[in-house]
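Please read the structure below before turning to the comments.
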2 protein chains.
Amino acid sequence: MTSMNKTFNFSAGPAMLPKSVMQRWQQLVAESPFPCSNISFMEIGHRTPEFQNVVAKLVGNLRELLQVPESYHILLMPGGGRMQFAALAMNLMARSPQGADYFETGLWSQQAIAEAERFGPVHTVASAVSSHYTHIPERADWVLRSDAAYCHMVSNETAHGLAFNKSPKVGEVPLVVDMTSDLLARPLKINDYGLIYAASQKNLGATGFTVVIVREDLLGHAPKTIPSQLDYQTYLTDPTPVTPVTFAIYLAGLITEWVKDQGGLKAMAKHNAVKASMLYDFLDASEHFVASVVPEYRSHTNVVFQLKNPTHTQALVAFTKARGLHGLAGHRVVGGLRASLYNAMPIEGVETLIDCLQCFFDA
Amino acid sequence: MTSMNKTFNFSAGPAMLPKSVMQRWQQLVAESPFPCSNISFMEIGHRTPEFQNVVAKLVGNLRELLQVPESYHILLMPGGGRMQFAALAMNLMARSPQGADYFETGLWSQQAIAEAERFGPVHTVASAVSSHYTHIPERADWVLRSDAAYCHMVSNETAHGLAFNKSPKVGEVPLVVDMTSDLLARPLKINDYGLIYAASQKNLGATGFTVVIVREDLLGHAPKTIPSQLDYQTYLTDPTPVTPVTFAIYLAGLITEWVKDQGGLKAMAKHNAVKASMLYDFLDASEHFVASVVPEYRSHTNVVFQLKNPTHTQALVAFTKARGLHGLAGHRVVGGLRASLYNAMPIEGVETLIDCLQCFFDA
């Protein structure tokens with residue numbers, strides 16, 4: 001029942017890695033980038049040509065996979081999503097004395113708002129709070145301001161399982177999007193956005209850096225009173241102005257190669273849609289479970305659901321874990337259950353999960 | 001000549017790892033913290049009890065090795081040394097309208113000063129510039145201000161090879177020290193300092209976080225207009241309020257175990273002093289080399305030296321690299337040569353280096 005080959009990690013992140021990438025990584029730890037040397041790639045300086053090639057390859061793969069136009073810079077910045085909540089506000093808030101517009105669609109957009117309020121006024125475009133995060137308000141109910149510094153959204157809310165499955169139209173104001181949990185999950189029209197950012201610990205492998213894809217014309221608004229490491233301009237002439245988390249960059253390089261080998265982002269989107277449909281179809285048909293997000297706004301990445309009788313939640317999490325299915329407890333502020341289906345999750349993992357959820361009640 | 005067992009990495013960082021730690025790390029990448037599971041420790045969530053134990057163990061080992069009193073907090077923060085240059089100024093500058101005092105002893109203290117100037121006035125206590133970084137000015141020439149917010153020093157300048165081999169007496173003003181390159185290299189009297197910080201990529205293993213050891217009474221001065229991730233108070237109730245770089249924390253945990261196995265910080269200090277003496281003694285006796293830093297201020301960690309005839313520098317770096325000795329070029333802004341002798345560098349590495357430097361002229 002718990003054989004090594006039937007274990008799946010449904011954790012929201014740090015998240016599952018593709019099996020072939022894990023195998024390559026194990027080789028790399030023991031390998032050296034230098035001939036006749038036992039210096040591991042983990043020990044080499046970030047200014048060596050060997051490491052700079054790794055950085056260039058990662059950035060090149062991101063540009064190719066996402067079809068990023070030349071008018072956008074791709075930056076690899078220190079810190080994670082929450083550091084970027086501050087960085088983006090510090091860099092862009094000064095574009096308008098009116099401050100910025102934010103969508104409030106779940107825990108992460110709330111945290112982005114709280115962070116941005118340290119740096120300027122924040123206006124809420126639309127909120128999913130009153131619907132208890134079951135849907136994003138309709139376009140007609142959005143209050144957009146044409147003079148906002150930018151408009152911020154979280155494309156996929158990992159805790160609440162609510163997603164913008166299409167990019168919203170917000171007019172001329174630059175759309176800034178947190179794609180930490182769904183970058184590389186599907187093709188994007190980069191021109192729909194002014195700035196896209198994603199911390200690395202989901203579809204890019206491991207914690208360690210944040211990818212920022214920013215349109216050239218949005219640069220140059222940061223005041224001198226911000227940390228230089230959070231100023232986008234610091235990264236324009238030197239891709240690694242400080243020592244980066246070298247292993248996370250190596251690992252992300254391997255992952256982008258893996259995504260290319262899988263057929264790129266169209267193939268990823270198809271794979272992810274199949275997994276999500278299988279699970280939501282099962283939940284909707286089941287007498288024991290409920291997935292309360294309205295179908296149009298359901299996340300393909302983090303499937304949030306509850307037991308109709310929630311007293312069994314802990315027992316169910318223990319039951320699945322004992323059968324090799326890890327990380328199914330919901331986010332600590334939301335409760336319930338959650339299955340994260342990042343790129344690395346195979347269809348077999350979802351099949352095994354569905355069998356196990358069914359089995360809990362049949363047992 | 002270039003057998004796998006005779007390779008040594010003299011790079012200033014990311015730096016050499018202890019061989020036994022590398023072996024354990026290779027096992028860990030393939031192991032799982034969960035029974036009957038193939039989920040790697042690299043994939044597990046940072047809020048799992050398994051990972052929280054790793055964090056607690058690392059912090060406990062640091063407290064034990066450095067004998068950190070209970071009146072100091074030990075924080076694991078995102079970003080590296082340069083991010084901390086900003087964070088410490090943002091957290092502490094408001095303690096005095098006079099701003100802060102800084103020692104200027106090399107490249108890193110200059111960068112710390114440039115960053116601090118974004119957040120308040122900076123006064124230079126003493127500068128090594130006029131001596132071309134050959135010594136730190138005498139105590140009598142320091143201009144200390146008793147009403148400064150804090151006094152900052154870099155204990156060891158990795159680029160210039162200049163070190164405070166004893167902690168300076170600066171009166172009642174809290175002494176703030178960048179120990180990125182020499183934390184865990186020797187025992188410390190923690191009470192000499194108000195705040196000690198060290199990025200993880202030298203004696204703690206790999207890039208990914210910064211250790212901050214801060215005295216309780218210095219907290220609470222950060223304004224609300226700084227990123228929450230750079231506010232020390234964010235880390236008081238939750239050791240990992242954001243997803244940390246999990247592998248770097250695992251690796252640092254292994255390294256602190258290794259330091260304990262080696263006999264702790266007294267043994268480390270002895271080991272490091274032996275290595276530094278061997279190399280400086282060779283350089284001083286040689287007709288071909290010069291180590292220009294005055295002996296009292298010479299770094300035990302980064303031995304900076306030049307060829308008397310610098311036209312051969314590149315040829316020497318190539319000669320050593322071909323013989324398995326990596327990373328001997330000086331810092332790009334300083335030039336010349338540099339051998340970094342972090343904790344993980346064995347005495348055999350220094351012996352091999354000395355033989356090789358001699359051999360270059362005998363050949």
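Identifiers in this document derive from the order of the structure tokens: chains are assigned A, B, ..., residues are numbered from 1 separately in each chain, and ligands are numbered from 1 in order of occurrence.
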Practice item. At a cut-off of 8 Å, list the chain B residues touching chain A, using only C-alpha atoms, as number ranges by chain. Key: B: 2-5, 7-9, 11-17, 26, 29-30, 36-39, 42-46, 78-80, 82-83, 86-87, 115, 118-119, 206-208, 224-229, 242-246, 324
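DSSP on the backbone gives strand (DSSP E or B) for these parts of segment 182-354 of chain A: Leu195, Ile196, Tyr197, Ala198, Ala199, Thr210, Val211, Val212, Ile213, Val214, Arg215, Phe289, Val290, Arg298, Asn302, Val303, Val304, Phe305, Gln306, Leu307, Leu325, His326, Ala329, Leu337, Arg338, Ala339 and Ser340 of chain A.
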Near His312 of chain B, within 12 Å and counting only C-alpha atoms, which residues show up once chain neighbours fewer than 5 positions away are dropped, as a PDB file with all heavy atoms, in the first residue's frame?
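Once everything was written out, this is part-v4.pdb:
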```pdb
ATOM      1  N   HIS B 288      59.332  36.329  -3.936  1.00  0.00           N
ATOM      2  CA  HIS B 288      58.437  36.597  -5.070  1.00  0.00           C
ATOM      3  C   HIS B 288      57.109  37.240  -4.689  1.00  0.00           C
ATOM      4  O   HIS B 288      56.427  37.789  -5.540  1.00  0.00           O
ATOM      5  CB  HIS B 288      58.139  35.287  -5.813  1.00  0.00           C
ATOM      6  CG  HIS B 288      59.365  34.605  -6.317  1.00  0.00           C
ATOM      7  ND1 HIS B 288      60.174  35.156  -7.289  1.00  0.00           N
ATOM      8  CD2 HIS B 288      59.945  33.425  -5.958  1.00  0.00           C
ATOM      9  CE1 HIS B 288      61.182  34.345  -7.524  1.00  0.00           C
ATOM     10  NE2 HIS B 288      61.079  33.286  -6.724  1.00  0.00           N
ATOM     11  N   PHE B 289      56.737  37.107  -3.409  1.00  0.00           N
ATOM     12  CA  PHE B 289      55.399  37.543  -3.000  1.00  0.00           C
ATOM     13  C   PHE B 289      55.457  38.634  -1.941  1.00  0.00           C
ATOM     14  O   PHE B 289      56.442  38.746  -1.213  1.00  0.00           O
ATOM     15  CB  PHE B 289      54.606  36.357  -2.418  1.00  0.00           C
ATOM     16  CG  PHE B 289      54.360  35.269  -3.417  1.00  0.00           C
ATOM     17  CD1 PHE B 289      55.166  34.130  -3.443  1.00  0.00           C
ATOM     18  CD2 PHE B 289      53.332  35.379  -4.348  1.00  0.00           C
ATOM     19  CE1 PHE B 289      54.941  33.127  -4.374  1.00  0.00           C
ATOM     20  CE2 PHE B 289      53.109  34.373  -5.279  1.00  0.00           C
ATOM     21  CZ  PHE B 289      53.917  33.247  -5.300  1.00  0.00           C
ATOM     22  N   GLN B 306      50.199  39.693  -3.276  1.00  0.00           N
ATOM     23  CA  GLN B 306      50.529  40.059  -4.654  1.00  0.00           C
ATOM     24  C   GLN B 306      51.854  39.417  -5.044  1.00  0.00           C
ATOM     25  O   GLN B 306      52.668  39.078  -4.184  1.00  0.00           O
ATOM     26  CB  GLN B 306      50.680  41.591  -4.815  1.00  0.00           C
ATOM     27  CG  GLN B 306      49.396  42.388  -4.754  1.00  0.00           C
ATOM     28  CD  GLN B 306      48.925  42.634  -3.335  1.00  0.00           C
ATOM     29  OE1 GLN B 306      49.738  42.809  -2.416  1.00  0.00           O
ATOM     30  NE2 GLN B 306      47.613  42.624  -3.142  1.00  0.00           N
ATOM     31  N   LEU B 307      52.044  39.313  -6.341  1.00  0.00           N
ATOM     32  CA  LEU B 307      53.372  38.993  -6.864  1.00  0.00           C
ATOM     33  C   LEU B 307      54.178  40.279  -6.889  1.00  0.00           C
ATOM     34  O   LEU B 307      53.651  41.340  -7.245  1.00  0.00           O
ATOM     35  CB  LEU B 307      53.244  38.462  -8.295  1.00  0.00           C
ATOM     36  CG  LEU B 307      52.923  36.981  -8.422  1.00  0.00           C
ATOM     37  CD1 LEU B 307      52.515  36.664  -9.853  1.00  0.00           C
ATOM     38  CD2 LEU B 307      54.143  36.146  -8.033  1.00  0.00           C
ATOM     39  N   VAL B 317      47.625  32.212 -11.648  1.00  0.00           N
ATOM     40  CA  VAL B 317      46.265  31.716 -11.377  1.00  0.00           C
ATOM     41  C   VAL B 317      45.968  30.501 -12.269  1.00  0.00           C
ATOM     42  O   VAL B 317      45.432  29.482 -11.797  1.00  0.00           O
ATOM     43  CB  VAL B 317      45.212  32.833 -11.570  1.00  0.00           C
ATOM     44  CG1 VAL B 317      43.792  32.266 -11.535  1.00  0.00           C
ATOM     45  CG2 VAL B 317      45.389  33.912 -10.496  1.00  0.00           C
ATOM     46  N   ALA B 318      46.369  30.571 -13.529  1.00  0.00           N
ATOM     47  CA  ALA B 318      46.156  29.446 -14.454  1.00  0.00           C
ATOM     48  C   ALA B 318      46.979  28.229 -14.011  1.00  0.00           C
ATOM     49  O   ALA B 318      46.500  27.087 -14.057  1.00  0.00           O
ATOM     50  CB  ALA B 318      46.526  29.860 -15.872  1.00  0.00           C
ATOM     51  N   PHE B 319      48.199  28.473 -13.569  1.00  0.00           N
ATOM     52  CA  PHE B 319      49.105  27.403 -13.115  1.00  0.00           C
ATOM     53  C   PHE B 319      48.506  26.672 -11.912  1.00  0.00           C
ATOM     54  O   PHE B 319      48.477  25.445 -11.860  1.00  0.00           O
ATOM     55  CB  PHE B 319      50.457  28.042 -12.750  1.00  0.00           C
ATOM     56  CG  PHE B 319      51.527  27.083 -12.314  1.00  0.00           C
ATOM     57  CD1 PHE B 319      52.335  26.439 -13.259  1.00  0.00           C
ATOM     58  CD2 PHE B 319      51.759  26.839 -10.964  1.00  0.00           C
ATOM     59  CE1 PHE B 319      53.350  25.573 -12.851  1.00  0.00           C
ATOM     60  CE2 PHE B 319      52.770  25.967 -10.550  1.00  0.00           C
ATOM     61  CZ  PHE B 319      53.565  25.333 -11.496  1.00  0.00           C
ATOM     62  N   ALA B 329      42.350  33.938  -7.765  1.00  0.00           N
ATOM     63  CA  ALA B 329      42.421  35.330  -8.245  1.00  0.00           C
ATOM     64  C   ALA B 329      41.858  36.244  -7.168  1.00  0.00           C
ATOM     65  O   ALA B 329      40.903  35.893  -6.471  1.00  0.00           O
ATOM     66  CB  ALA B 329      41.618  35.468  -9.537  1.00  0.00           C
ATOM     67  N   GLY B 336      45.339  41.167  -7.869  1.00  0.00           N
ATOM     68  CA  GLY B 336      46.302  40.344  -7.149  1.00  0.00           C
ATOM     69  C   GLY B 336      45.774  38.953  -6.873  1.00  0.00           C
ATOM     70  O   GLY B 336      45.023  38.387  -7.684  1.00  0.00           O
ATOM     71  N   LEU B 337      46.133  38.412  -5.715  1.00  0.00           N
ATOM     72  CA  LEU B 337      45.817  37.025  -5.383  1.00  0.00           C
ATOM     73  C   LEU B 337      45.139  36.964  -4.026  1.00  0.00           C
ATOM     74  O   LEU B 337      45.316  37.854  -3.188  1.00  0.00           O
ATOM     75  CB  LEU B 337      47.118  36.213  -5.350  1.00  0.00           C
ATOM     76  CG  LEU B 337      47.850  36.167  -6.714  1.00  0.00           C
ATOM     77  CD1 LEU B 337      49.344  35.967  -6.519  1.00  0.00           C
ATOM     78  CD2 LEU B 337      47.255  35.076  -7.594  1.00  0.00           C
ATOM     79  N   LEU B 357      52.820  27.337  -5.180  1.00  0.00           N
ATOM     80  CA  LEU B 357      53.332  28.701  -5.380  1.00  0.00           C
ATOM     81  C   LEU B 357      54.854  28.659  -5.545  1.00  0.00           C
ATOM     82  O   LEU B 357      55.426  29.382  -6.372  1.00  0.00           O
ATOM     83  CB  LEU B 357      52.963  29.599  -4.190  1.00  0.00           C
ATOM     84  CG  LEU B 357      51.463  29.887  -3.995  1.00  0.00           C
ATOM     85  CD1 LEU B 357      51.246  30.736  -2.735  1.00  0.00           C
ATOM     86  CD2 LEU B 357      50.846  30.580  -5.209  1.00  0.00           C
ATOM     87  N   PHE B 360      55.845  27.232  -9.043  1.00  0.00           N
ATOM     88  CA  PHE B 360      55.663  28.141 -10.175  1.00  0.00           C
ATOM     89  C   PHE B 360      56.994  28.812 -10.542  1.00  0.00           C
ATOM     90  O   PHE B 360      57.298  29.016 -11.715  1.00  0.00           O
ATOM     91  CB  PHE B 360      54.613  29.191  -9.814  1.00  0.00           C
ATOM     92  CG  PHE B 360      54.343  30.219 -10.889  1.00  0.00           C
ATOM     93  CD1 PHE B 360      53.703  29.856 -12.073  1.00  0.00           C
ATOM     94  CD2 PHE B 360      54.701  31.553 -10.717  1.00  0.00           C
ATOM     95  CE1 PHE B 360      53.434  30.808 -13.059  1.00  0.00           C
ATOM     96  CE2 PHE B 360      54.438  32.504 -11.699  1.00  0.00           C
ATOM     97  CZ  PHE B 360      53.803  32.130 -12.872  1.00  0.00           C
ATOM     98  N   PHE B 361      57.787  29.130  -9.521  1.00  0.00           N
ATOM     99  CA  PHE B 361      59.064  29.817  -9.789  1.00  0.00           C
ATOM    100  C   PHE B 361      60.197  28.838 -10.037  1.00  0.00           C
ATOM    101  O   PHE B 361      61.143  29.138 -10.753  1.00  0.00           O
ATOM    102  CB  PHE B 361      59.406  30.779  -8.644  1.00  0.00           C
ATOM    103  CG  PHE B 361      58.495  31.957  -8.652  1.00  0.00           C
ATOM    104  CD1 PHE B 361      57.404  32.029  -7.812  1.00  0.00           C
ATOM    105  CD2 PHE B 361      58.687  32.974  -9.572  1.00  0.00           C
ATOM    106  CE1 PHE B 361      56.538  33.101  -7.849  1.00  0.00           C
ATOM    107  CE2 PHE B 361      57.819  34.062  -9.626  1.00  0.00           C
ATOM    108  CZ  PHE B 361      56.747  34.121  -8.758  1.00  0.00           C
TER     109      PHE B 361
END
```
Point to revise | Arg338 of chain A surroundings by only C-alpha atoms, 10 Å radius, close-in-sequence under 3 positions cut, as a list in words | key: Phe10, Ser11, Ala12, Thr158, Ala159, His160, Gly161, Ala291, Thr301, Asn302, Val303, Val304, Phe305, Gln306, Gly327, Leu328, Ala329, Gly330, His331, Val334, Gly335 and Leu341 of chain A
Those residues you just picked out, can you put them in a file as a tab-separated table (two decimals), in the first residue's frame with N, CA and C atoms?
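Resulting contents of again14.tsv:
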```
chain	number	residue	atom	x	y	z
A	10	PHE	N	1.29	16.46	-2.20
A	10	PHE	CA	0.28	17.45	-2.59
A	10	PHE	C	0.46	18.78	-1.85
A	11	SER	N	1.62	18.96	-1.23
A	11	SER	CA	1.89	20.17	-0.46
A	11	SER	C	1.89	21.41	-1.35
A	12	ALA	N	1.46	22.54	-0.77
A	12	ALA	CA	1.36	23.79	-1.54
A	12	ALA	C	2.71	24.43	-1.79
A	158	THR	N	-3.34	30.38	-3.47
A	158	THR	CA	-3.03	29.00	-3.05
A	158	THR	C	-3.83	28.56	-1.83
A	159	ALA	N	-4.15	29.49	-0.91
A	159	ALA	CA	-4.86	29.08	0.31
A	159	ALA	C	-6.36	28.90	0.04
A	160	HIS	N	-6.95	29.82	-0.74
A	160	HIS	CA	-8.40	29.77	-0.97
A	160	HIS	C	-8.82	29.04	-2.25
A	161	GLY	N	-7.85	28.74	-3.12
A	161	GLY	CA	-8.17	27.98	-4.32
A	161	GLY	C	-8.97	28.73	-5.36
A	291	ALA	N	-16.60	21.28	-3.11
A	291	ALA	CA	-15.60	22.26	-3.57
A	291	ALA	C	-16.41	23.53	-3.79
A	301	THR	N	-4.48	24.75	-9.89
A	301	THR	CA	-3.22	24.47	-9.20
A	301	THR	C	-3.45	23.97	-7.78
A	302	ASN	N	-4.36	24.63	-7.07
A	302	ASN	CA	-4.61	24.26	-5.67
A	302	ASN	C	-6.11	24.00	-5.53
A	303	VAL	N	-6.46	22.74	-5.46
A	303	VAL	CA	-7.87	22.35	-5.37
A	303	VAL	C	-8.26	22.34	-3.89
A	304	VAL	N	-9.09	23.32	-3.52
A	304	VAL	CA	-9.50	23.47	-2.12
A	304	VAL	C	-10.89	22.86	-1.96
A	305	PHE	N	-11.03	21.99	-0.97
A	305	PHE	CA	-12.33	21.33	-0.78
A	305	PHE	C	-12.54	21.00	0.69
A	306	GLN	N	-13.76	20.63	1.01
A	306	GLN	CA	-14.11	20.29	2.39
A	306	GLN	C	-14.88	18.98	2.41
A	327	GLY	N	0.58	16.16	2.46
A	327	GLY	CA	0.32	17.59	2.27
A	327	GLY	C	-1.12	17.93	1.94
A	328	LEU	N	-2.08	17.11	2.35
A	328	LEU	CA	-3.47	17.36	1.96
A	328	LEU	C	-4.27	18.23	2.93
A	329	ALA	N	-3.70	18.58	4.07
A	329	ALA	CA	-4.43	19.48	4.98
A	329	ALA	C	-4.53	20.86	4.32
A	330	GLY	N	-5.63	21.54	4.53
A	330	GLY	CA	-5.80	22.89	3.99
A	330	GLY	C	-4.83	23.87	4.64
A	331	HIS	N	-4.72	25.07	4.07
A	331	HIS	CA	-3.87	26.10	4.67
A	331	HIS	C	-4.37	26.39	6.08
A	334	VAL	N	-7.33	28.58	6.54
A	334	VAL	CA	-8.55	28.24	5.81
A	334	VAL	C	-9.15	26.92	6.32
A	335	GLY	N	-8.29	25.99	6.69
A	335	GLY	CA	-8.76	24.68	7.15
A	335	GLY	C	-9.20	23.81	5.99
A	341	LEU	N	-1.60	20.72	-7.29
A	341	LEU	CA	-1.32	19.96	-8.51
A	341	LEU	C	-0.36	20.73	-9.40
```
Point to revise | Nearest to Pro97 of chain B by atom-to-atom distance, counting only C-alpha atoms, from B:Asn53, B:Glu296, B:Tyr150, B:Ile354 | key: B:Tyr150
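Minimum distance to Ser96 of chain A across A:Leu144, A:Ala149, A:Val170, A:Leu279 (counting only C-alpha atoms) occurs at A:Ala149.
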Practice item. Report as number ranges by chain: the residues of segment 127-291 of chain A with a DSSP assignment of helix (DSSP H, G or I), based on the backbone of this structure. Key: A: 139-141, 190-192, 216-218, 228-230, 232-235, 246-261, 264-285
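Taking atom CA of Leu218 of chain B and atom CA of Leu92 of chain B as the two end points, the separation is 7.3 Å.
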